[in-house]
>>> print(open('work.csv').read())   # CSV, C-alpha atoms
chain,number,residue,atom,x,y,z
Z,946,MET,CA,19.2,39.0,-3.2
Z,947,SER,CA,22.6,37.8,-2.1
Z,948,THR,CA,24.3,40.9,-3.5
Z,949,SER,CA,22.1,43.3,-1.5
Z,950,LYS,CA,23.3,45.0,1.7
Z,951,ALA,CA,20.9,42.9,3.8
Z,952,GLY,CA,22.2,39.7,2.2
Z,953,GLN,CA,25.7,40.6,3.0
Z,954,GLY,CA,24.8,41.5,6.6
Z,955,ALA,CA,23.1,38.2,7.2
Z,956,SER,CA,26.0,36.2,5.8
Z,957,LEU,CA,28.4,37.9,8.3
Z,958,ILE,CA,27.0,35.4,10.8
Z,959,LYS,CA,28.5,32.2,9.7
Z,960,ASN,CA,27.9,30.0,12.6
Z,961,GLU,CA,25.0,27.6,11.9
Z,962,TRP,CA,24.4,27.0,15.6
Z,963,LEU,CA,24.3,30.7,16.5
Z,964,LEU,CA,21.6,31.2,13.8
Z,965,ILE,CA,19.6,28.3,15.1
Z,966,PHE,CA,19.9,29.7,18.7
Z,967,LEU,CA,18.8,33.2,17.6
Z,968,GLY,CA,16.0,32.1,15.3
Z,969,GLY,CA,14.7,29.6,17.9
Z,970,GLY,CA,14.9,32.2,20.6
Z,971,LEU,CA,13.0,34.7,18.4
Z,972,GLY,CA,10.4,32.1,17.5
Z,973,SER,CA,9.8,31.1,21.2
Z,974,VAL,CA,9.5,34.7,22.3
Z,975,SER,CA,7.0,35.4,19.5
Z,976,ARG,CA,4.9,32.4,20.5
Z,977,TYR,CA,5.1,33.5,24.1
Z,978,LEU,CA,4.0,37.1,23.2
Z,979,LEU,CA,1.2,35.9,20.9
Z,980,GLY,CA,-0.1,33.6,23.7
Z,981,GLY,CA,0.3,36.3,26.4
Z,982,GLY,CA,-1.3,39.0,24.2
Z,983,LEU,CA,-4.3,36.8,23.3
Z,984,GLU,CA,-4.7,35.9,27.0
Z,985,LEU,CA,-4.8,39.6,28.0
Z,986,THR,CA,-7.5,40.4,25.4
Z,987,LEU,CA,-9.6,37.2,25.2
Z,988,GLY,CA,-9.1,35.5,28.6
Z,989,SER,CA,-7.1,32.4,29.3
Z,990,ALA,CA,-9.7,29.8,28.2
Z,991,LEU,CA,-10.0,30.8,24.6
Z,992,ALA,CA,-6.5,32.2,24.2
Z,993,GLY,CA,-4.8,28.9,25.0
Z,994,THR,CA,-6.5,27.0,22.2
Z,995,LEU,CA,-6.5,29.9,19.7
Z,996,SER,CA,-2.8,30.7,20.2
Z,997,LEU,CA,-1.8,27.0,19.9
Z,998,PHE,CA,-3.7,26.8,16.6
Z,999,LEU,CA,-2.3,30.0,15.2
Z,1000,VAL,CA,1.3,29.3,16.0
Z,1001,ASN,CA,1.2,25.7,14.7
Z,1002,VAL,CA,-0.7,26.3,11.5
Z,1003,ALA,CA,1.0,29.5,10.6
Z,1004,GLY,CA,4.4,28.1,11.6
Z,1005,ALA,CA,3.8,25.0,9.4
Z,1006,PHE,CA,2.9,27.2,6.4
Z,1007,PHE,CA,6.0,29.3,7.1
Z,1008,LEU,CA,8.4,26.4,7.2
Z,1009,GLY,CA,6.9,25.1,3.8
Z,1010,LEU,CA,7.4,28.6,2.4
Z,1011,VAL,CA,11.0,28.9,3.7
Z,1012,SER,CA,11.9,25.6,2.1
Z,1013,PHE,CA,11.4,26.9,-1.5
Z,1014,HIS,CA,10.7,30.6,-1.6
Z,1015,PRO,CA,13.6,32.4,-3.4
Z,1016,ARG,CA,13.8,35.0,-0.6
Z,1017,PHE,CA,15.0,32.2,1.7
Z,1018,ALA,CA,17.3,30.6,-0.8
Z,1019,SER,CA,20.5,31.1,1.1
Z,1020,ASP,CA,21.6,28.5,3.7
Z,1021,ASP,CA,21.8,31.1,6.4
Z,1022,ARG,CA,18.3,32.2,5.9
Z,1023,LYS,CA,16.9,28.7,5.7
Z,1024,THR,CA,18.8,27.9,9.0
Z,1025,PHE,CA,17.6,31.0,10.8
Z,1026,TRP,CA,14.0,31.1,9.6
Z,1027,GLY,CA,13.3,27.4,9.1
Z,1028,SER,CA,15.4,25.3,11.6
Z,1029,GLY,CA,15.4,28.2,14.1
Z,1030,PHE,CA,12.3,30.4,13.9
Z,1031,ALA,CA,9.7,28.0,12.5
Z,1032,GLY,CA,10.8,25.2,14.8
Z,1033,GLY,CA,10.9,27.5,17.9
Z,1034,PHE,CA,7.6,29.2,17.0
Z,1035,THR,CA,5.6,26.0,16.8
Z,1036,THR,CA,5.2,23.5,19.6
Z,1037,MET,CA,4.3,19.9,20.2
Z,1038,SER,CA,4.7,19.9,24.0
Z,1039,GLY,CA,2.0,22.6,24.0
Z,1040,VAL,CA,-0.2,20.3,22.0
Z,1041,ALA,CA,0.5,17.4,24.5
Z,1042,LEU,CA,-0.4,19.6,27.5
Z,1043,PHE,CA,-3.5,20.9,25.7
Z,1044,LEU,CA,-4.6,17.3,24.9
Z,1045,TYR,CA,-4.2,16.2,28.5
Z,1046,GLN,CA,-5.7,19.3,30.1
Z,1047,GLN,CA,-8.6,19.9,27.7
Z,1048,ALA,CA,-9.0,16.3,26.4
Z,1049,THR,CA,-10.3,17.4,23.0
Z,1050,LEU,CA,-9.0,14.9,20.5
Z,1051,PRO,CA,-11.3,16.1,17.7
Z,1052,LEU,CA,-9.9,19.6,17.9
Z,1053,THR,CA,-6.4,18.3,18.0
Z,1054,ALA,CA,-7.1,16.2,14.9
Z,1055,VAL,CA,-8.3,19.4,13.1
Z,1056,MET,CA,-5.1,21.2,14.1
Z,1057,PHE,CA,-3.0,18.3,12.6
Z,1058,ALA,CA,-5.0,18.3,9.4
Z,1059,LEU,CA,-4.7,22.1,9.1
Z,1060,GLY,CA,-1.0,21.9,9.9
Z,1061,PHE,CA,-0.4,19.3,7.2
Z,1062,LEU,CA,-2.3,21.3,4.6
Z,1063,ALA,CA,-0.6,24.5,5.7
Z,1064,PHE,CA,2.9,23.1,5.2
Z,1065,ALA,CA,1.9,21.8,1.7
Z,1066,ALA,CA,0.4,25.2,0.9
Z,1067,GLY,CA,3.6,26.9,2.0
Z,1068,VAL,CA,5.6,24.6,-0.2
Z,1069,ARG,CA,3.3,25.3,-3.2
Z,1070,THR,CA,3.5,29.1,-2.6
Z,1071,GLY,CA,7.3,29.1,-2.3
Z,1072,LYS,CA,7.7,26.9,-5.4
Z,1073,ALA,CA,5.4,29.2,-7.4
Z,1074,LYS,CA,7.5,32.2,-6.4
Z,1075,ALA,CA,10.6,30.4,-7.3
Z,1076,GLY,CA,9.1,29.5,-10.7
Z,1077,LEU,CA,9.3,25.8,-9.9
Z,1078,GLU,CA,5.6,25.1,-10.6
C,576,MET,CA,-1.3,36.6,33.4
C,577,SER,CA,-1.1,40.3,33.9
C,578,ILE,CA,0.3,42.8,31.5
C,579,ALA,CA,3.4,43.2,33.8
C,580,GLU,CA,4.0,39.5,33.7
C,581,VAL,CA,3.6,39.1,29.9
C,582,PHE,CA,6.0,42.0,29.2
C,583,ASN,CA,8.4,41.3,32.1
C,584,PRO,CA,11.9,41.8,30.4
C,585,MET,CA,13.4,39.0,32.5
C,586,ILE,CA,10.8,36.5,31.4
C,587,LEU,CA,11.2,37.6,27.8
C,588,LEU,CA,15.0,37.2,28.0
C,589,GLY,CA,14.6,33.8,29.7
C,590,VAL,CA,12.1,32.6,27.1
C,591,PHE,CA,14.5,33.8,24.4
C,592,LEU,CA,17.6,32.0,25.8
C,593,ALA,CA,15.7,28.8,26.8
C,594,GLY,CA,13.9,28.7,23.4
C,595,GLY,CA,17.2,29.2,21.6
C,596,LEU,CA,18.8,26.4,23.7
C,597,GLY,CA,15.9,24.1,23.1
C,598,SER,CA,16.0,24.8,19.4
C,599,MET,CA,19.7,23.9,19.3
C,600,LEU,CA,18.9,20.6,21.0
C,601,ARG,CA,16.1,20.0,18.6
C,602,VAL,CA,18.2,20.5,15.5
C,603,GLY,CA,21.0,18.4,17.0
C,604,ILE,CA,18.7,15.5,17.7
C,605,SER,CA,16.9,15.9,14.4
C,606,LYS,CA,20.0,14.7,12.5
C,607,PHE,CA,18.9,11.2,13.8
C,608,SER,CA,16.5,10.2,11.0
C,609,GLY,CA,15.6,7.1,9.0
C,610,TYR,CA,12.4,5.4,8.2
C,611,TRP,CA,10.7,8.1,10.2
C,612,PRO,CA,12.1,11.4,11.5
C,613,TRP,CA,13.0,9.7,14.7
C,614,GLY,CA,15.0,12.6,16.2
C,615,ILE,CA,12.0,15.0,15.8
C,616,LEU,CA,9.7,12.4,17.4
C,617,ILE,CA,12.1,11.8,20.4
C,618,GLY,CA,12.5,15.6,20.8
C,619,ASN,CA,8.7,16.0,20.9
C,620,VAL,CA,8.2,13.2,23.4
C,621,VAL,CA,11.0,14.4,25.7
C,622,ALA,CA,9.8,18.0,25.6
C,623,SER,CA,6.3,16.9,26.4
C,624,PHE,CA,7.4,14.9,29.4
C,625,PHE,CA,9.5,17.9,30.6
C,626,ALA,CA,6.7,20.4,30.0
C,627,GLY,CA,4.3,18.2,32.1
C,628,TRP,CA,6.9,17.9,34.8
C,629,ALA,CA,7.8,21.6,34.9
C,630,VAL,CA,4.2,22.9,34.7
C,631,THR,CA,3.3,21.1,38.0
C,632,SER,CA,6.7,21.3,39.7
C,633,PHE,CA,6.8,25.1,39.2
C,634,ALA,CA,3.1,25.7,39.3
C,635,GLU,CA,3.5,28.7,41.7
C,636,ASP,CA,6.2,30.4,39.7
C,637,VAL,CA,5.1,32.2,36.5
C,638,THR,CA,8.6,33.0,35.5
C,639,TRP,CA,10.0,29.5,35.6
C,640,VAL,CA,6.9,28.0,33.9
C,641,ALA,CA,7.4,30.5,31.1
C,642,ILE,CA,11.1,29.8,30.7
C,643,LEU,CA,11.0,26.0,31.1
C,644,VAL,CA,7.6,25.2,29.5
C,645,VAL,CA,7.2,27.9,26.8
C,646,GLY,CA,10.9,28.4,26.2
C,647,LEU,CA,12.9,25.2,26.7
C,648,ALA,CA,10.2,22.6,26.0
C,649,GLY,CA,8.6,24.8,23.3
C,650,GLY,CA,11.9,25.3,21.5
C,651,LEU,CA,12.8,21.6,21.7
C,652,SER,CA,9.4,20.4,20.5
C,653,THR,CA,8.1,21.3,17.0
C,654,PHE,CA,4.9,21.1,15.1
C,655,SER,CA,6.2,22.5,11.8
C,656,SER,CA,8.8,19.8,11.5
C,657,TRP,CA,6.2,17.1,12.2
C,658,ALA,CA,4.1,18.7,9.3
C,659,ALA,CA,7.2,18.7,7.1
C,660,GLY,CA,7.9,15.0,7.9
C,661,ALA,CA,4.4,13.9,7.3
C,662,VAL,CA,4.0,15.8,4.0
C,663,GLN,CA,7.3,14.4,2.8
C,664,LEU,CA,6.3,10.8,3.6
C,665,VAL,CA,3.0,11.3,1.7
C,666,ALA,CA,4.9,12.8,-1.2
C,667,LYS,CA,7.1,9.7,-1.2
C,668,ASP,CA,3.9,7.6,-1.6
C,669,ARG,CA,4.0,6.4,2.0
C,670,PRO,CA,0.6,7.6,3.4
C,671,LEU,CA,0.5,4.8,5.9
C,672,ALA,CA,3.9,5.7,7.4
C,673,ALA,CA,2.8,9.3,7.6
C,674,THR,CA,-0.4,8.4,9.4
C,675,LEU,CA,1.4,6.1,11.8
C,676,TYR,CA,4.1,8.7,12.5
C,677,THR,CA,1.3,11.2,13.3
C,678,VAL,CA,-0.6,8.8,15.6
C,679,VAL,CA,2.6,7.8,17.4
C,680,THR,CA,3.6,11.4,17.8
C,681,VAL,CA,0.2,12.3,19.4
C,682,ILE,CA,-0.1,9.3,21.6
C,683,PHE,CA,3.6,9.3,22.9
C,684,SER,CA,3.7,13.0,23.4
C,685,SER,CA,0.4,13.2,25.3
C,686,THR,CA,1.3,10.1,27.4
C,687,ALA,CA,4.7,11.6,28.2
C,688,ALA,CA,3.1,14.9,29.2
C,689,TRP,CA,0.7,12.9,31.5
C,690,VAL,CA,3.6,11.0,33.1
C,691,GLY,CA,5.5,14.3,33.6
C,692,LEU,CA,2.4,15.9,35.2
C,693,LEU,CA,2.0,13.0,37.5
C,694,LEU,CA,5.6,12.9,38.5
C,695,GLY,CA,5.7,16.7,39.1
C,696,SER,CA,2.5,16.6,41.2
C,697,THR,CA,3.5,13.6,43.4
C,698,LEU,CA,7.2,14.2,44.0
C,699,ILE,CA,7.9,16.4,47.1
C,700,TYR,CA,11.3,18.2,47.0
>>> encode(input="work.csv", output="structure tokens")
Amino acid sequence: MSTSKAGQGASLIKNEWLLIFLGGGLGSVSRYLLGGGLELTLGSALAGTLSLFLVNVAGAFFLGLVSFHPRFASDDRKTFWGSGFAGGFTTMSGVALFLYQQATLPLTAVMFALGFLAFAAGVRTGKAKAGLE
Amino acid sequence: MSIAEVFNPMILLGVFLAGGLGSMLRVGISKFSGYWPWGILIGNVVASFFAGWAVTSFAEDVTWVAILVVGLAGGLSTFSSWAAGAVQLVAKDRPLAATLYTVVTVIFSSTAAWVGLLLGSTLIY
């Protein structure tokens, strides 16, 4: 992959902090748009809970995937998609506000259990693609 | 939120910039790690406090709530890195440490959000 045109393009940006900034910004905007889009279609009550679950569980899976999948083997891609995007896409402050406002500890426990399993599943999928398992 | 608010270009740009800045802070602080991923924990707690404070302090202003709560606090805090830290602790045969790390994350983050909410709703500027 590193010899492809896309690989060369990505490696032109050498600054780690710029990649984190851009990836984190993209992740945050994606989370905002997913939350806003769900709110417009489902109403605010259901959308808040659903979008929090979706971003956190999907983001945890994605970070696991990025850690081992050969497509994200380069440092630049790991920095942009892992440290930047996955970190910016998922949120703990959203969970904290949700816990306080909705006071639903069982639902939060389910989210943490799913997030844990999702990261492990992402790692497994990435390793399988990389031929490590 | 209305369609115009969700797709407001100024809000999108603000969330992007604040989320990017929050993410840089998160990665910077995450280098601080030892028995637990302390840096991630501190980032999550600080972001939760800030989100609580901002959501009440700027309750009337959709733009600033989006930029500060969704962008800055959302970029600084992370769930995926918590998952990574917990899975890695379990993989190192330290399930108790992983459980404690999780419980402390939940209790400290939600308490910090509560303190922030309280502060934001009682302080008059």
>>> closest_residue(input="work.csv", among="C:Leu671, C:Leu600, C:Val665, C:Ala626", to="chain Z", atoms="only C-alpha atoms")
C:Ala626
>>> closest_residue(input="work.csv", among="C:Val581, C:Ile642, C:Leu647, C:Leu587", to="Glu984 of chain Z", atoms="only C-alpha atoms")
C:Val581
>>> residues_around(input="work.csv", residues="Tyr1045 of chain Z", least_positions_apart="4", cutoff="8 Å", atoms="all atoms listed in the file", output="list in words")
Ala1041 of chain Z; Ser685, Ala688 and Trp689 of chain C
>>> residues_near_point(input="work.csv", point="(16.6, 26.3, 19.7)", cutoff="7 Å", atoms="all atoms listed in the file", output="PyMOL selection string")
(chain Z and resi 965-966+969-970+1029+1033) or (chain C and resi 594-601+650-651)
>>> atom_distance(input="work.csv", atom1="atom CA of Thr1070 of chain Z", atom2="atom CA of His1014 of chain Z")
7.4 Å
>>> interface_residues(input="work.csv", of="chain Z", to="chain C", cutoff="6 Å", atoms="all atoms listed in the file", output="PyMOL selection string")
chain Z and resi 966-967+969-970+973-974+981+1001+1004-1005+1032-1033+1035-1038+1041+1061
>>> residues_around(input="work.csv", residues="Phe1007 of chain Z", least_positions_apart="6", cutoff="9 Å", atoms="only C-alpha atoms", output="list in words")
Trp1026, Gly1027, Ala1031, Ala1063, Phe1064, Gly1067 and Val1068 of chain Z; Ser655 of chain C
>>> atom_distance(input="work.csv", atom1="atom CA of Lys1072 of chain Z", atom2="atom CA of Asp1020 of chain Z")
16.7 Å
>>> atom_distance(input="work.csv", atom1="atom CA of Gly1039 of chain Z", atom2="atom CA of Arg976 of chain Z")
10.8 Å
>>> build_atoms(input="work.csv", residues="segment 1041-1069 of chain Z", atoms="N, CA and C atoms", output="PDB file, in the coordinates of the input")
ATOM      1  N   ALA Z1041       0.605  18.548  23.517  1.00  0.00           N
ATOM      2  CA  ALA Z1041       0.500  17.400  24.500  1.00  0.00           C
ATOM      3  C   ALA Z1041      -0.179  17.876  25.761  1.00  0.00           C
ATOM      4  N   LEU Z1042       0.229  19.035  26.272  1.00  0.00           N
ATOM      5  CA  LEU Z1042      -0.400  19.600  27.500  1.00  0.00           C
ATOM      6  C   LEU Z1042      -1.850  19.899  27.247  1.00  0.00           C
ATOM      7  N   PHE Z1043      -2.106  20.494  26.080  1.00  0.00           N
ATOM      8  CA  PHE Z1043      -3.500  20.900  25.700  1.00  0.00           C
ATOM      9  C   PHE Z1043      -4.353  19.623  25.639  1.00  0.00           C
ATOM     10  N   LEU Z1044      -3.839  18.561  25.023  1.00  0.00           N
ATOM     11  CA  LEU Z1044      -4.600  17.300  24.900  1.00  0.00           C
ATOM     12  C   LEU Z1044      -4.941  16.744  26.259  1.00  0.00           C
ATOM     13  N   TYR Z1045      -3.950  16.790  27.137  1.00  0.00           N
ATOM     14  CA  TYR Z1045      -4.200  16.200  28.500  1.00  0.00           C
ATOM     15  C   TYR Z1045      -5.154  17.087  29.274  1.00  0.00           C
ATOM     16  N   GLN Z1046      -4.945  18.414  29.234  1.00  0.00           N
ATOM     17  CA  GLN Z1046      -5.700  19.300  30.100  1.00  0.00           C
ATOM     18  C   GLN Z1046      -7.161  19.514  29.551  1.00  0.00           C
ATOM     19  N   GLN Z1047      -7.318  19.597  28.222  1.00  0.00           N
ATOM     20  CA  GLN Z1047      -8.600  19.900  27.700  1.00  0.00           C
ATOM     21  C   GLN Z1047      -9.309  18.598  27.137  1.00  0.00           C
ATOM     22  N   ALA Z1048      -8.501  17.556  26.901  1.00  0.00           N
ATOM     23  CA  ALA Z1048      -9.000  16.300  26.400  1.00  0.00           C
ATOM     24  C   ALA Z1048      -9.939  16.446  25.208  1.00  0.00           C
ATOM     25  N   THR Z1049      -9.477  17.235  24.227  1.00  0.00           N
ATOM     26  CA  THR Z1049     -10.300  17.400  23.000  1.00  0.00           C
ATOM     27  C   THR Z1049      -9.530  16.881  21.818  1.00  0.00           C
ATOM     28  N   LEU Z1050      -9.677  15.584  21.644  1.00  0.00           N
ATOM     29  CA  LEU Z1050      -9.000  14.900  20.500  1.00  0.00           C
ATOM     30  C   LEU Z1050      -9.503  15.397  19.162  1.00  0.00           C
ATOM     31  N   PRO Z1051     -10.833  15.617  18.968  1.00  0.00           N
ATOM     32  CA  PRO Z1051     -11.300  16.100  17.700  1.00  0.00           C
ATOM     33  C   PRO Z1051     -10.643  17.428  17.260  1.00  0.00           C
ATOM     34  N   LEU Z1052     -10.543  18.342  18.226  1.00  0.00           N
ATOM     35  CA  LEU Z1052      -9.900  19.600  17.900  1.00  0.00           C
ATOM     36  C   LEU Z1052      -8.446  19.487  17.591  1.00  0.00           C
ATOM     37  N   THR Z1053      -7.781  18.561  18.286  1.00  0.00           N
ATOM     38  CA  THR Z1053      -6.400  18.300  18.000  1.00  0.00           C
ATOM     39  C   THR Z1053      -6.224  17.697  16.588  1.00  0.00           C
ATOM     40  N   ALA Z1054      -7.140  16.816  16.226  1.00  0.00           N
ATOM     41  CA  ALA Z1054      -7.100  16.200  14.900  1.00  0.00           C
ATOM     42  C   ALA Z1054      -7.259  17.303  13.816  1.00  0.00           C
ATOM     43  N   VAL Z1055      -8.128  18.276  14.079  1.00  0.00           N
ATOM     44  CA  VAL Z1055      -8.300  19.400  13.100  1.00  0.00           C
ATOM     45  C   VAL Z1055      -7.021  20.181  13.000  1.00  0.00           C
ATOM     46  N   MET Z1056      -6.331  20.405  14.140  1.00  0.00           N
ATOM     47  CA  MET Z1056      -5.100  21.200  14.100  1.00  0.00           C
ATOM     48  C   MET Z1056      -4.030  20.418  13.244  1.00  0.00           C
ATOM     49  N   PHE Z1057      -3.925  19.100  13.409  1.00  0.00           N
ATOM     50  CA  PHE Z1057      -3.000  18.300  12.600  1.00  0.00           C
ATOM     51  C   PHE Z1057      -3.313  18.351  11.138  1.00  0.00           C
ATOM     52  N   ALA Z1058      -4.602  18.251  10.839  1.00  0.00           N
ATOM     53  CA  ALA Z1058      -5.000  18.300   9.400  1.00  0.00           C
ATOM     54  C   ALA Z1058      -4.690  19.660   8.825  1.00  0.00           C
ATOM     55  N   LEU Z1059      -4.988  20.721   9.564  1.00  0.00           N
ATOM     56  CA  LEU Z1059      -4.700  22.100   9.100  1.00  0.00           C
ATOM     57  C   LEU Z1059      -3.195  22.304   8.944  1.00  0.00           C
ATOM     58  N   GLY Z1060      -2.425  21.786   9.900  1.00  0.00           N
ATOM     59  CA  GLY Z1060      -1.000  21.900   9.900  1.00  0.00           C
ATOM     60  C   GLY Z1060      -0.369  21.241   8.640  1.00  0.00           C
ATOM     61  N   PHE Z1061      -0.885  20.048   8.362  1.00  0.00           N
ATOM     62  CA  PHE Z1061      -0.400  19.300   7.200  1.00  0.00           C
ATOM     63  C   PHE Z1061      -0.706  20.068   5.908  1.00  0.00           C
ATOM     64  N   LEU Z1062      -1.957  20.565   5.779  1.00  0.00           N
ATOM     65  CA  LEU Z1062      -2.300  21.300   4.600  1.00  0.00           C
ATOM     66  C   LEU Z1062      -1.575  22.634   4.492  1.00  0.00           C
ATOM     67  N   ALA Z1063      -1.343  23.254   5.655  1.00  0.00           N
ATOM     68  CA  ALA Z1063      -0.600  24.500   5.700  1.00  0.00           C
ATOM     69  C   ALA Z1063       0.798  24.388   5.187  1.00  0.00           C
ATOM     70  N   PHE Z1064       1.491  23.332   5.637  1.00  0.00           N
ATOM     71  CA  PHE Z1064       2.900  23.100   5.200  1.00  0.00           C
ATOM     72  C   PHE Z1064       2.883  22.898   3.655  1.00  0.00           C
ATOM     73  N   ALA Z1065       1.939  22.057   3.172  1.00  0.00           N
ATOM     74  CA  ALA Z1065       1.900  21.800   1.700  1.00  0.00           C
ATOM     75  C   ALA Z1065       1.575  23.088   0.960  1.00  0.00           C
ATOM     76  N   ALA Z1066       0.697  23.931   1.522  1.00  0.00           N
ATOM     77  CA  ALA Z1066       0.400  25.200   0.900  1.00  0.00           C
ATOM     78  C   ALA Z1066       1.572  26.142   0.860  1.00  0.00           C
ATOM     79  N   GLY Z1067       2.353  26.102   1.955  1.00  0.00           N
ATOM     80  CA  GLY Z1067       3.600  26.900   2.000  1.00  0.00           C
ATOM     81  C   GLY Z1067       4.578  26.493   0.968  1.00  0.00           C
ATOM     82  N   VAL Z1068       4.734  25.177   0.821  1.00  0.00           N
ATOM     83  CA  VAL Z1068       5.600  24.600  -0.200  1.00  0.00           C
ATOM     84  C   VAL Z1068       5.194  25.092  -1.584  1.00  0.00           C
ATOM     85  N   ARG Z1069       3.896  24.981  -1.847  1.00  0.00           N
ATOM     86  CA  ARG Z1069       3.300  25.300  -3.200  1.00  0.00           C
ATOM     87  C   ARG Z1069       3.555  26.826  -3.449  1.00  0.00           C
TER      88      ARG Z1069
END
